[in-house]
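The block underneath contains the structure these notes are about, expressed in structure tokens.
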Number of protein chains: 2
Amino acid sequence: MTDAPPKPRRRKGLTRARILAEAVTLADAEGIGAVSMRKLAARLGVEAMSLYNHVGGKDDLAAGMADLVVGSAGTPGDGPWRDEVHTAAHAIRTALARHPWAVPLLAAMPPGPRRLAHAEATRARLAEAGLDAATAASAQEAIEALAIGCAAMGDGGTELDGLEFGLGLILEGLERLRS
Amino acid sequence: MTDAPPKPRRRKGLTRARILAEAVTLADAEGIGAVSMRKLAARLGVEAMSLYNHVGGKDDLAAGMADLVVGSAGTPGDGPWRDEVHTAAHAIRTALARHPWAVPLLAAMPPGPRRLAHAEATRARLAEAGLDAATAASAQEAIEALAIGCAAMGDGGTELDGLEFGLGLILEGLERLRS
DNA sequence: TGCCGCCTACTTACACTGTATGTTTGCGAA
DNA sequence: TTCGCAAACATACAGTGTAAGTAGGCGGCA
């Protein structure tokens with residue numbers, strides 16, 4: 001048994017973005033439990049410890065993955081407030097349906113930059129619609145909670161989707177509140 | 001170095017309930033990450049593998065813990081429907097606030113018996129209030145999602161709590177819907 | 001009373017985890 | 001051309017879940 005020759009240490013162009021993207025792909029394919037530093041590194045043609053040059057650790061990795069998923073939902077545009085908020089909530093729900101493993105991560109970690117941006121944009125729309133700042137904040141919180149909660153429950157089993165139903169009532173209530 | 005004498009194999013009265021209760025205590029004290037089979041077993045004066053006589057594995061343990069927490073919220077009683085549903089939603093939110101580690105578990109696993117019972121009881125109240133079955137199911141889904149989602153977000157940062165606000169709008173909408 | 005068999009608890013072992021620490025080397029800046 | 005830093009590798013360790021096998025206490029039956 002001769003010693004294995006040491007690997008060449010060529011730069012691999014490893015990047016936080018590349019790592020997160022590959023981690024999401026891996027989680028989608030084999031479940032979040034299959035995402036280990038070694039397996040992820042192997043997929044990137046790299047040793048496990050190399051990841052630590054771009055990622056703080058397993059927790060940071062998980063947070064980055066979750067935020068990436070939320071970020072894929074985009075932020076509400078500048079159309080009519082009710083349509084925008086409605087669409088934005090569904091976009092989050094859809095993104096989480098595509099990556100169900102992200103839901104527990106969202107619940108386990110503080111919000112990342114993209115998620116905060118989404119929340120901020122939604123609050124802005126609500127404020128423009130005529131709600132005072134406190135009400136807009138509470139409303140945004142309720143809507144995001146509803147979207148995430150529905151994702152956590154895997155709703156859609158009922159005739160009228162839990163999100164669609166709850167969101168409808170909330171938006172109607174908000175309509176009545178502004179004035 | 002003499003061989004360590006083998007431990008006596010006295011019955012310890014180990015029970016699924018005792019295991020789950022101790023696991024919850026441990027998670028509360030040191031975080032869910034500290035709940036390992038060995039550490040949990042040690043607290044019960046037992047070896048790790050003994051737990052497997054009462055628990056299917058780590059996943060089953062986690063599911064049992066989460067369901068225990070939800071169960072601690074009780075089920076809606078038979079007072080006025082609106083008060084009961086309101087109280088029940090807050091009870092879940094409070095139970096999850098007391099055991100925040102349970103939120104990601106709820107999102108990661110199918111609902112346990114106590115959670116299902118809670119949902120069923122809530123649906124029954126809503127049906128009695130005059131909502132047809134499909135509407136009651138959607139409403140229950142929305143309300144539970146809102147409570148869990150608020151727990152996942154650690155709401156309460158806003159002036160009017162996200163749950164209180166959203167729940168108010170939803171209940172008001174339901175009031176208008178029945179007739 | 002004696003004995004048998006099941007259930008519970010223990011032991012050992014294995015593959016795998018995250019990551020602390022230390023070493024090498026490619027590459028851009030001076 | 002040389003120097004220094006960042007990015008990659010290598011090694012190592014404590015801890016994980018759990019499969020498989022073993023031993024002993026206790027309930028039920030003779």
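Letters A, B, ... go to the chains of the structure tokens in the order shown; residues in each chain start at 1; ligands are counted from 1 in the same order.
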
Excluding same-chain residues fewer than 5 positions from region 85-98 of chain A, what lies within 8 Å of it counting only C-alpha atoms (C1' of nucleotides), as a list in words? Val69, Val70, Ser72, Ala73, Gly74, Thr75, Pro76, Val103, Thr122, Arg125, Ile143, Glu144, Ala147, Ile148, Cys150, Ala151, Gly154, Leu163 and Leu167 of chain A

For the residues in that selection, give me N, CA and C atoms as a PDB file, in the first residue's frame.
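Produced file selection_32.pdb, reproduced below:
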```
ATOM      1  N   VAL A  69     -33.947  30.348  -0.458  1.00  0.00           N
ATOM      2  CA  VAL A  69     -35.277  29.880  -0.870  1.00  0.00           C
ATOM      3  C   VAL A  69     -36.286  31.020  -0.769  1.00  0.00           C
ATOM      4  N   VAL A  70     -36.285  31.709   0.363  1.00  0.00           N
ATOM      5  CA  VAL A  70     -37.219  32.837   0.519  1.00  0.00           C
ATOM      6  C   VAL A  70     -36.943  33.901  -0.538  1.00  0.00           C
ATOM      7  N   SER A  72     -35.951  33.511  -3.446  1.00  0.00           N
ATOM      8  CA  SER A  72     -36.428  33.101  -4.770  1.00  0.00           C
ATOM      9  C   SER A  72     -37.886  33.493  -4.992  1.00  0.00           C
ATOM     10  N   ALA A  73     -38.551  33.936  -3.923  1.00  0.00           N
ATOM     11  CA  ALA A  73     -39.951  34.365  -4.060  1.00  0.00           C
ATOM     12  C   ALA A  73     -40.050  35.796  -4.576  1.00  0.00           C
ATOM     13  N   GLY A  74     -38.956  36.493  -4.620  1.00  0.00           N
ATOM     14  CA  GLY A  74     -38.998  37.874  -5.082  1.00  0.00           C
ATOM     15  C   GLY A  74     -39.655  38.779  -4.059  1.00  0.00           C
ATOM     16  N   THR A  75     -39.804  40.038  -4.383  1.00  0.00           N
ATOM     17  CA  THR A  75     -40.469  40.987  -3.478  1.00  0.00           C
ATOM     18  C   THR A  75     -41.663  41.606  -4.199  1.00  0.00           C
ATOM     19  N   PRO A  76     -42.651  42.057  -3.428  1.00  0.00           N
ATOM     20  CA  PRO A  76     -43.846  42.638  -4.042  1.00  0.00           C
ATOM     21  C   PRO A  76     -43.497  43.831  -4.918  1.00  0.00           C
ATOM     22  N   VAL A 103     -38.639  24.960   5.528  1.00  0.00           N
ATOM     23  CA  VAL A 103     -39.584  25.461   6.526  1.00  0.00           C
ATOM     24  C   VAL A 103     -39.066  25.310   7.968  1.00  0.00           C
ATOM     25  N   THR A 122     -43.154  44.514   1.860  1.00  0.00           N
ATOM     26  CA  THR A 122     -44.587  44.292   2.089  1.00  0.00           C
ATOM     27  C   THR A 122     -45.154  45.364   3.012  1.00  0.00           C
ATOM     28  N   ARG A 125     -45.803  48.527   1.064  1.00  0.00           N
ATOM     29  CA  ARG A 125     -47.042  48.483   0.278  1.00  0.00           C
ATOM     30  C   ARG A 125     -48.259  48.748   1.159  1.00  0.00           C
ATOM     31  N   ILE A 143     -49.478  38.024   7.883  1.00  0.00           N
ATOM     32  CA  ILE A 143     -49.508  37.431   6.541  1.00  0.00           C
ATOM     33  C   ILE A 143     -48.324  36.498   6.330  1.00  0.00           C
ATOM     34  N   GLU A 144     -47.139  36.943   6.738  1.00  0.00           N
ATOM     35  CA  GLU A 144     -45.965  36.074   6.590  1.00  0.00           C
ATOM     36  C   GLU A 144     -46.119  34.826   7.442  1.00  0.00           C
ATOM     37  N   ALA A 147     -48.424  32.412   5.746  1.00  0.00           N
ATOM     38  CA  ALA A 147     -47.803  31.732   4.599  1.00  0.00           C
ATOM     39  C   ALA A 147     -46.848  30.638   5.081  1.00  0.00           C
ATOM     40  N   ILE A 148     -46.019  30.983   6.054  1.00  0.00           N
ATOM     41  CA  ILE A 148     -45.058  30.000   6.560  1.00  0.00           C
ATOM     42  C   ILE A 148     -45.770  28.876   7.290  1.00  0.00           C
ATOM     43  N   CYS A 150     -48.798  27.786   6.809  1.00  0.00           N
ATOM     44  CA  CYS A 150     -49.445  26.910   5.841  1.00  0.00           C
ATOM     45  C   CYS A 150     -48.431  25.981   5.199  1.00  0.00           C
ATOM     46  N   ALA A 151     -47.261  26.506   4.919  1.00  0.00           N
ATOM     47  CA  ALA A 151     -46.208  25.655   4.357  1.00  0.00           C
ATOM     48  C   ALA A 151     -45.826  24.567   5.353  1.00  0.00           C
ATOM     49  N   GLY A 154     -48.333  21.903   5.252  1.00  0.00           N
ATOM     50  CA  GLY A 154     -48.610  21.279   3.978  1.00  0.00           C
ATOM     51  C   GLY A 154     -50.075  21.395   3.646  1.00  0.00           C
ATOM     52  N   LEU A 163     -54.237  28.870   2.998  1.00  0.00           N
ATOM     53  CA  LEU A 163     -53.640  30.190   2.793  1.00  0.00           C
ATOM     54  C   LEU A 163     -54.601  31.104   2.048  1.00  0.00           C
ATOM     55  N   LEU A 167     -55.880  34.320   3.912  1.00  0.00           N
ATOM     56  CA  LEU A 167     -55.390  35.547   3.296  1.00  0.00           C
ATOM     57  C   LEU A 167     -56.560  36.414   2.829  1.00  0.00           C
TER      58      LEU A 167
END
```

Mind checking which residues fall within 9 Å of Ser50 (chain A), counting only C-alpha atoms (C1' of nucleotides), ignoring those fewer than 2 positions away in the same chain, and posting them as a list in words?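 The neighbour list is Leu14, Ala41, Val46, Glu47, Ala48, Tyr52, Asn53 and His54 of chain A; DA7, DA8 and DC9 of chain D.
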
Take the residues just selected and output them with N, CA and C atoms (P, O5', C5', C4', C3', O3' and C1' of nucleotides) as a CSV table (one decimal), in the first residue's frame.
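Here's the written file out-v5.csv:
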```csv
chain,number,residue,atom,x,y,z
A,14,LEU,N,-14.3,28.2,-5.6
A,14,LEU,CA,-15.3,28.0,-4.7
A,14,LEU,C,-15.9,29.3,-4.2
A,41,ALA,N,-19.2,19.0,0.0
A,41,ALA,CA,-17.9,19.3,-0.5
A,41,ALA,C,-17.6,18.4,-1.7
A,46,VAL,N,-14.3,19.1,-3.7
A,46,VAL,CA,-13.5,19.8,-2.7
A,46,VAL,C,-13.5,19.0,-1.4
A,47,GLU,N,-12.6,19.3,-0.5
A,47,GLU,CA,-12.6,18.6,0.8
A,47,GLU,C,-13.6,19.4,1.7
A,48,ALA,N,-14.1,18.7,2.7
A,48,ALA,CA,-15.0,19.4,3.6
A,48,ALA,C,-14.5,20.7,4.2
A,52,TYR,N,-15.3,25.9,4.8
A,52,TYR,CA,-15.3,26.8,6.0
A,52,TYR,C,-14.6,28.1,5.6
A,53,ASN,N,-14.0,28.2,4.4
A,53,ASN,CA,-13.4,29.4,4.0
A,53,ASN,C,-14.5,30.4,3.5
A,54,HIS,N,-15.7,29.8,3.3
A,54,HIS,CA,-16.8,30.6,2.7
A,54,HIS,C,-18.1,30.6,3.5
D,7,DA,P,-10.5,33.4,0.3
D,7,DA,O5',-10.1,32.0,-0.4
D,7,DA,C5',-9.4,31.9,-1.6
D,7,DA,C4',-8.9,30.5,-1.8
D,7,DA,C3',-9.9,29.4,-1.5
D,7,DA,O3',-9.8,28.4,-2.4
D,7,DA,C1',-8.0,29.1,-0.3
D,8,DA,P,-11.0,27.5,-2.7
D,8,DA,O5',-10.5,26.0,-2.3
D,8,DA,C5',-9.7,25.3,-3.2
D,8,DA,C4',-8.6,24.5,-2.4
D,8,DA,C3',-9.0,23.3,-1.6
D,8,DA,O3',-8.9,22.2,-2.5
D,8,DA,C1',-7.3,24.5,-0.5
D,9,DC,P,-9.5,20.8,-1.9
D,9,DC,O5',-8.2,20.2,-1.0
D,9,DC,C5',-7.0,20.0,-1.6
D,9,DC,C4',-6.0,19.6,-0.5
D,9,DC,C3',-6.3,18.3,0.2
D,9,DC,O3',-5.2,17.4,0.1
D,9,DC,C1',-5.9,20.1,1.7
```

Interatomic distance between CA of Ala124 (chain A) and CA of Gly168 (chain B)?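 Spanning CA of Ala124 (chain A) to CA of Gly168 (chain B) is a straight-line distance of 22.0 Å.
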
Which residues are close to DA10 (chain D), i.e. within 10 Å by only C-alpha atoms (C1' of nucleotides), leaving aside same-chain residues fewer than 6 positions away? Reply as a PyMOL selection string. (chain A and resi 6-7+47+49) or (chain C and resi 22-24)

DSSP helix (DSSP H, G or I) residues within region 17-119 of chain B, listed as an mmCIF file with N, CA and C atoms, in the first residue's frame:
```cif
data_model
loop_
_atom_site.group_PDB
_atom_site.id
_atom_site.type_symbol
_atom_site.label_atom_id
_atom_site.label_comp_id
_atom_site.auth_asym_id
_atom_site.auth_seq_id
_atom_site.Cartn_x
_atom_site.Cartn_y
_atom_site.Cartn_z
ATOM 1 N N ALA B 17 -43.610 7.697 28.241
ATOM 2 C CA ALA B 17 -44.022 8.981 28.816
ATOM 3 C C ALA B 17 -42.881 9.611 29.610
ATOM 4 N N ARG B 18 -42.199 8.774 30.415
ATOM 5 C CA ARG B 18 -41.092 9.322 31.215
ATOM 6 C C ARG B 18 -39.986 9.836 30.305
ATOM 7 N N ILE B 19 -39.708 9.084 29.246
ATOM 8 C CA ILE B 19 -38.662 9.475 28.306
ATOM 9 C C ILE B 19 -39.008 10.804 27.646
ATOM 10 N N LEU B 20 -40.237 10.914 27.149
ATOM 11 C CA LEU B 20 -40.646 12.140 26.469
ATOM 12 C C LEU B 20 -40.587 13.336 27.420
ATOM 13 N N ALA B 21 -41.073 13.125 28.627
ATOM 14 C CA ALA B 21 -41.083 14.220 29.599
ATOM 15 C C ALA B 21 -39.663 14.698 29.892
ATOM 16 N N GLU B 22 -38.766 13.753 30.085
ATOM 17 C CA GLU B 22 -37.387 14.122 30.386
ATOM 18 C C GLU B 22 -36.731 14.800 29.185
ATOM 19 N N ALA B 23 -37.086 14.339 27.991
ATOM 20 C CA ALA B 23 -36.539 14.948 26.775
ATOM 21 C C ALA B 23 -36.980 16.406 26.671
ATOM 22 N N VAL B 24 -38.237 16.664 27.005
ATOM 23 C CA VAL B 24 -38.743 18.040 26.963
ATOM 24 C C VAL B 24 -37.994 18.905 27.975
ATOM 25 N N THR B 25 -37.814 18.371 29.162
ATOM 26 C CA THR B 25 -37.081 19.105 30.194
ATOM 27 C C THR B 25 -35.658 19.424 29.729
ATOM 28 N N LEU B 26 -35.028 18.425 29.146
ATOM 29 C CA LEU B 26 -33.658 18.614 28.664
ATOM 30 C C LEU B 26 -33.601 19.655 27.551
ATOM 31 N N ALA B 27 -34.535 19.570 26.627
ATOM 32 C CA ALA B 27 -34.568 20.537 25.524
ATOM 33 C C ALA B 27 -34.807 21.951 26.050
ATOM 34 N N ASP B 28 -35.681 22.074 27.037
ATOM 35 C CA ASP B 28 -35.943 23.385 27.631
ATOM 36 C C ASP B 28 -34.683 23.944 28.281
ATOM 37 N N ALA B 29 -33.941 23.061 28.933
ATOM 38 C CA ALA B 29 -32.790 23.513 29.719
ATOM 39 C C ALA B 29 -31.573 23.800 28.849
ATOM 40 N N GLU B 30 -31.303 22.936 27.868
ATOM 41 C CA GLU B 30 -30.048 23.064 27.127
ATOM 42 C C GLU B 30 -30.225 23.189 25.623
ATOM 43 N N ILE B 32 -32.586 22.061 21.982
ATOM 44 C CA ILE B 32 -32.915 20.807 21.305
ATOM 45 C C ILE B 32 -31.647 20.102 20.823
ATOM 46 N N GLY B 33 -30.624 20.879 20.524
ATOM 47 C CA GLY B 33 -29.366 20.290 20.051
ATOM 48 C C GLY B 33 -28.681 19.433 21.089
ATOM 49 N N ALA B 34 -29.021 19.665 22.349
ATOM 50 C CA ALA B 34 -28.387 18.897 23.433
ATOM 51 C C ALA B 34 -29.098 17.576 23.688
ATOM 52 N N MET B 37 -29.450 10.772 22.283
ATOM 53 C CA MET B 37 -29.908 9.543 22.919
ATOM 54 C C MET B 37 -29.083 9.246 24.173
ATOM 55 N N ARG B 38 -27.792 9.440 24.086
ATOM 56 C CA ARG B 38 -26.942 9.121 25.233
ATOM 57 C C ARG B 38 -27.184 10.058 26.413
ATOM 58 N N LYS B 39 -27.231 11.364 26.105
ATOM 59 C CA LYS B 39 -27.411 12.314 27.194
ATOM 60 C C LYS B 39 -28.771 12.129 27.863
ATOM 61 N N LEU B 40 -29.767 11.912 27.022
ATOM 62 C CA LEU B 40 -31.111 11.686 27.542
ATOM 63 C C LEU B 40 -31.142 10.426 28.411
ATOM 64 N N ALA B 41 -30.518 9.384 27.918
ATOM 65 C CA ALA B 41 -30.480 8.121 28.665
ATOM 66 C C ALA B 41 -29.783 8.322 30.011
ATOM 67 N N ALA B 42 -28.680 9.026 29.980
ATOM 68 C CA ALA B 42 -27.917 9.257 31.204
ATOM 69 C C ALA B 42 -28.797 9.922 32.262
ATOM 70 N N ARG B 43 -29.601 10.880 31.814
ATOM 71 C CA ARG B 43 -30.477 11.587 32.751
ATOM 72 C C ARG B 43 -31.506 10.658 33.364
ATOM 73 N N ALA B 48 -28.025 4.326 26.457
ATOM 74 C CA ALA B 48 -28.712 4.868 25.287
ATOM 75 C C ALA B 48 -29.639 3.843 24.621
ATOM 76 N N MET B 49 -29.154 2.662 24.428
ATOM 77 C CA MET B 49 -29.925 1.682 23.666
ATOM 78 C C MET B 49 -31.217 1.246 24.355
ATOM 79 N N SER B 50 -31.273 1.439 25.623
ATOM 80 C CA SER B 50 -32.491 1.058 26.350
ATOM 81 C C SER B 50 -33.690 1.879 25.890
ATOM 82 N N LEU B 51 -33.407 3.090 25.449
ATOM 83 C CA LEU B 51 -34.505 3.949 25.012
ATOM 84 C C LEU B 51 -35.257 3.341 23.825
ATOM 85 N N TYR B 52 -34.529 2.569 23.049
ATOM 86 C CA TYR B 52 -35.144 2.027 21.834
ATOM 87 C C TYR B 52 -36.216 0.984 22.129
ATOM 88 N N ASN B 53 -36.319 0.565 23.391
ATOM 89 C CA ASN B 53 -37.412 -0.327 23.752
ATOM 90 C C ASN B 53 -38.746 0.412 23.830
ATOM 91 N N LYS B 58 -34.683 8.403 16.954
ATOM 92 C CA LYS B 58 -34.590 9.842 17.218
ATOM 93 C C LYS B 58 -35.785 10.601 16.639
ATOM 94 N N ASP B 59 -36.189 10.223 15.448
ATOM 95 C CA ASP B 59 -37.318 10.908 14.814
ATOM 96 C C ASP B 59 -38.604 10.723 15.613
ATOM 97 N N ASP B 60 -38.841 9.489 16.013
ATOM 98 C CA ASP B 60 -40.045 9.223 16.799
ATOM 99 C C ASP B 60 -39.991 10.003 18.113
ATOM 100 N N LEU B 61 -38.822 10.063 18.681
ATOM 101 C CA LEU B 61 -38.661 10.837 19.912
ATOM 102 C C LEU B 61 -39.044 12.299 19.681
ATOM 103 N N ALA B 62 -38.491 12.866 18.629
ATOM 104 C CA ALA B 62 -38.757 14.268 18.326
ATOM 105 C C ALA B 62 -40.249 14.503 18.077
ATOM 106 N N ALA B 63 -40.857 13.598 17.320
ATOM 107 C CA ALA B 63 -42.292 13.732 17.040
ATOM 108 C C ALA B 63 -43.093 13.686 18.336
ATOM 109 N N GLY B 64 -42.714 12.779 19.205
ATOM 110 C CA GLY B 64 -43.411 12.670 20.485
ATOM 111 C C GLY B 64 -43.256 13.919 21.330
ATOM 112 N N MET B 65 -42.068 14.491 21.319
ATOM 113 C CA MET B 65 -41.827 15.719 22.074
ATOM 114 C C MET B 65 -42.714 16.846 21.563
ATOM 115 N N ALA B 66 -42.728 17.010 20.242
ATOM 116 C CA ALA B 66 -43.514 18.089 19.650
ATOM 117 C C ALA B 66 -44.994 17.904 19.971
ATOM 118 N N ASP B 67 -45.460 16.676 19.848
ATOM 119 C CA ASP B 67 -46.882 16.443 20.098
ATOM 120 C C ASP B 67 -47.222 16.675 21.561
ATOM 121 N N LEU B 68 -46.273 16.349 22.424
ATOM 122 C CA LEU B 68 -46.502 16.586 23.848
ATOM 123 C C LEU B 68 -46.693 18.077 24.119
ATOM 124 N N VAL B 69 -45.874 18.882 23.475
ATOM 125 C CA VAL B 69 -45.970 20.330 23.659
ATOM 126 C C VAL B 69 -47.324 20.848 23.168
ATOM 127 N N VAL B 70 -47.707 20.437 21.980
ATOM 128 C CA VAL B 70 -49.006 20.868 21.458
ATOM 129 C C VAL B 70 -50.129 20.390 22.371
ATOM 130 N N GLY B 71 -49.994 19.156 22.846
ATOM 131 C CA GLY B 71 -51.021 18.615 23.731
ATOM 132 C C GLY B 71 -51.175 19.421 25.005
ATOM 133 N N TRP B 81 -68.358 29.894 20.638
ATOM 134 C CA TRP B 81 -67.370 29.452 19.646
ATOM 135 C C TRP B 81 -66.215 30.438 19.467
ATOM 136 N N ARG B 82 -66.550 31.709 19.431
ATOM 137 C CA ARG B 82 -65.507 32.677 19.110
ATOM 138 C C ARG B 82 -64.468 32.755 20.231
ATOM 139 N N ASP B 83 -64.931 32.771 21.463
ATOM 140 C CA ASP B 83 -64.008 32.781 22.595
ATOM 141 C C ASP B 83 -63.157 31.523 22.614
ATOM 142 N N GLU B 84 -63.796 30.392 22.399
ATOM 143 C CA GLU B 84 -63.082 29.119 22.478
ATOM 144 C C GLU B 84 -61.981 29.029 21.421
ATOM 145 N N VAL B 85 -62.318 29.396 20.196
ATOM 146 C CA VAL B 85 -61.338 29.317 19.111
ATOM 147 C C VAL B 85 -60.198 30.304 19.359
ATOM 148 N N HIS B 86 -60.588 31.485 19.798
ATOM 149 C CA HIS B 86 -59.583 32.504 20.121
ATOM 150 C C HIS B 86 -58.626 32.010 21.196
ATOM 151 N N THR B 87 -59.188 31.481 22.251
ATOM 152 C CA THR B 87 -58.367 30.983 23.356
ATOM 153 C C THR B 87 -57.488 29.812 22.930
ATOM 154 N N ALA B 88 -58.061 28.916 22.139
ATOM 155 C CA ALA B 88 -57.307 27.736 21.710
ATOM 156 C C ALA B 88 -56.094 28.132 20.874
ATOM 157 N N ALA B 89 -56.290 29.104 19.992
ATOM 158 C CA ALA B 89 -55.170 29.545 19.155
ATOM 159 C C ALA B 89 -54.064 30.148 20.024
ATOM 160 N N HIS B 90 -54.476 30.967 20.981
ATOM 161 C CA HIS B 90 -53.477 31.560 21.864
ATOM 162 C C HIS B 90 -52.794 30.510 22.735
ATOM 163 N N ALA B 91 -53.533 29.472 23.090
ATOM 164 C CA ALA B 91 -52.942 28.422 23.911
ATOM 165 C C ALA B 91 -51.800 27.720 23.167
ATOM 166 N N ILE B 92 -52.020 27.463 21.884
ATOM 167 C CA ILE B 92 -50.956 26.851 21.081
ATOM 168 C C ILE B 92 -49.762 27.789 21.003
ATOM 169 N N ARG B 93 -50.057 29.034 20.712
ATOM 170 C CA ARG B 93 -48.975 30.026 20.612
ATOM 171 C C ARG B 93 -48.183 30.081 21.915
ATOM 172 N N THR B 94 -48.869 30.051 23.036
ATOM 173 C CA THR B 94 -48.203 30.129 24.337
ATOM 174 C C THR B 94 -47.362 28.881 24.610
ATOM 175 N N ALA B 95 -47.930 27.728 24.306
ATOM 176 C CA ALA B 95 -47.192 26.479 24.515
ATOM 177 C C ALA B 95 -45.901 26.495 23.695
ATOM 178 N N LEU B 96 -45.983 26.996 22.477
ATOM 179 C CA LEU B 96 -44.799 27.030 21.616
ATOM 180 C C LEU B 96 -43.811 28.101 22.073
ATOM 181 N N ALA B 97 -44.315 29.142 22.696
ATOM 182 C CA ALA B 97 -43.422 30.170 23.230
ATOM 183 C C ALA B 97 -42.629 29.597 24.404
ATOM 184 N N ARG B 98 -43.255 28.711 25.132
ATOM 185 C CA ARG B 98 -42.599 28.092 26.283
ATOM 186 C C ARG B 98 -41.560 27.065 25.834
ATOM 187 N N ALA B 102 -39.762 23.387 19.737
ATOM 188 C CA ALA B 102 -40.783 22.493 19.184
ATOM 189 C C ALA B 102 -41.276 22.973 17.812
ATOM 190 N N VAL B 103 -41.100 24.267 17.534
ATOM 191 C CA VAL B 103 -41.653 24.804 16.292
ATOM 192 C C VAL B 103 -41.044 24.161 15.051
ATOM 193 N N PRO B 104 -39.719 24.137 14.934
ATOM 194 C CA PRO B 104 -39.145 23.455 13.769
ATOM 195 C C PRO B 104 -39.549 21.986 13.696
ATOM 196 N N LEU B 105 -39.725 21.355 14.817
ATOM 197 C CA LEU B 105 -40.129 19.946 14.810
ATOM 198 C C LEU B 105 -41.525 19.791 14.221
ATOM 199 N N LEU B 106 -42.435 20.677 14.606
ATOM 200 C CA LEU B 106 -43.789 20.639 14.060
ATOM 201 C C LEU B 106 -43.761 20.769 12.551
ATOM 202 N N ALA B 107 -42.849 21.643 12.088
ATOM 203 C CA ALA B 107 -42.788 21.909 10.653
ATOM 204 C C ALA B 107 -42.130 20.758 9.904
ATOM 205 N N ALA B 108 -41.386 19.951 10.632
ATOM 206 C CA ALA B 108 -40.600 18.909 9.964
ATOM 207 C C ALA B 108 -41.281 17.551 9.972
ATOM 208 N N PRO B 113 -51.054 12.629 17.398
ATOM 209 C CA PRO B 113 -52.445 12.433 17.816
ATOM 210 C C PRO B 113 -53.046 13.632 18.543
ATOM 211 N N ARG B 114 -52.260 14.219 19.450
ATOM 212 C CA ARG B 114 -52.815 15.349 20.210
ATOM 213 C C ARG B 114 -53.067 16.550 19.323
ATOM 214 N N ARG B 115 -52.163 16.770 18.392
ATOM 215 C CA ARG B 115 -52.351 17.892 17.479
ATOM 216 C C ARG B 115 -53.573 17.662 16.611
ATOM 217 N N LEU B 116 -53.721 16.451 16.137
ATOM 218 C CA LEU B 116 -54.895 16.128 15.326
ATOM 219 C C LEU B 116 -56.181 16.316 16.127
ATOM 220 N N ALA B 117 -56.118 15.921 17.388
ATOM 221 C CA ALA B 117 -57.306 16.067 18.239
ATOM 222 C C ALA B 117 -57.661 17.540 18.400
ATOM 223 N N HIS B 118 -56.645 18.359 18.596
ATOM 224 C CA HIS B 118 -56.874 19.794 18.728
ATOM 225 C C HIS B 118 -57.547 20.339 17.469
ATOM 226 N N ALA B 119 -57.024 19.942 16.321
ATOM 227 C CA ALA B 119 -57.582 20.416 15.054
ATOM 228 C C ALA B 119 -59.035 19.973 14.914
#
```

Distance limit 7 Å, atoms considered: only C-alpha atoms (C1' of nucleotides). Which chain B residues sit that close to chain D? Return them as an MDAnalysis selection string. chainID B and resid 9:11

For C-alpha atoms, I'd like the residues from the last selection saved as an mmCIF file, in the first residue's frame.
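In the end it all went to part.cif:
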```
data_model
loop_
_atom_site.group_PDB
_atom_site.id
_atom_site.type_symbol
_atom_site.label_atom_id
_atom_site.label_comp_id
_atom_site.auth_asym_id
_atom_site.auth_seq_id
_atom_site.Cartn_x
_atom_site.Cartn_y
_atom_site.Cartn_z
ATOM 1 C CA ARG B 9 -29.745 -4.982 34.855
ATOM 2 C CA ARG B 10 -32.458 -3.982 37.241
ATOM 3 C CA ARG B 11 -35.734 -2.827 35.743
#
```

Find the residues in chain C near chain B: any atom within 12 Å counts, using only C-alpha atoms (C1' of nucleotides). Write them as a ChimeraX atom specification. /C:7-12

Keeping only N, CA and C atoms (P, O5', C5', C4', C3', O3' and C1' of nucleotides), take the residues you just selected and write them out as a short mmCIF file (atom, residue, chain, number, x, y, z; two decimals), in the first residue's frame.
```cif
data_model
loop_
_atom_site.label_atom_id
_atom_site.label_comp_id
_atom_site.auth_asym_id
_atom_site.auth_seq_id
_atom_site.Cartn_x
_atom_site.Cartn_y
_atom_site.Cartn_z
P DC C 7 -42.75 -10.10 24.92
"O5'" DC C 7 -42.39 -8.82 25.80
"C5'" DC C 7 -42.71 -8.81 27.19
"C4'" DC C 7 -41.60 -8.07 27.95
"C3'" DC C 7 -41.08 -6.83 27.23
"O3'" DC C 7 -41.24 -5.74 28.11
"C1'" DC C 7 -39.28 -8.19 28.01
P DT C 8 -40.88 -4.27 27.59
"O5'" DT C 8 -39.57 -3.91 28.43
"C5'" DT C 8 -39.54 -4.12 29.83
"C4'" DT C 8 -38.10 -4.08 30.31
"C3'" DT C 8 -37.32 -2.84 29.85
"O3'" DT C 8 -36.61 -2.36 30.98
"C1'" DT C 8 -36.12 -4.81 29.32
P DA C 9 -36.23 -0.80 31.05
"O5'" DA C 9 -34.65 -0.81 31.14
"C5'" DA C 9 -34.03 -1.52 32.20
"C4'" DA C 9 -32.72 -2.12 31.72
"C3'" DA C 9 -31.72 -1.13 31.13
"O3'" DA C 9 -30.67 -0.94 32.07
"C1'" DA C 9 -31.77 -3.21 29.94
P DC C 10 -29.42 -0.02 31.66
"O5'" DC C 10 -28.41 -1.09 31.05
"C5'" DC C 10 -27.93 -2.13 31.87
"C4'" DC C 10 -26.98 -3.00 31.08
"C3'" DC C 10 -25.76 -2.26 30.52
"O3'" DC C 10 -24.59 -2.94 30.95
"C1'" DC C 10 -26.82 -3.53 28.82
P DT C 11 -23.14 -2.27 30.77
"O5'" DT C 11 -22.61 -2.89 29.41
"C5'" DT C 11 -22.60 -4.31 29.25
"C4'" DT C 11 -22.06 -4.68 27.87
"C3'" DT C 11 -20.92 -3.77 27.37
"O3'" DT C 11 -19.77 -4.57 27.20
"C1'" DT C 11 -22.58 -4.11 25.67
P DT C 12 -18.34 -3.92 26.82
"O5'" DT C 12 -18.32 -4.11 25.23
"C5'" DT C 12 -18.86 -5.29 24.67
"C4'" DT C 12 -19.06 -5.13 23.18
"C3'" DT C 12 -17.97 -4.29 22.48
"O3'" DT C 12 -17.36 -5.10 21.49
"C1'" DT C 12 -20.15 -3.69 21.74
#
```
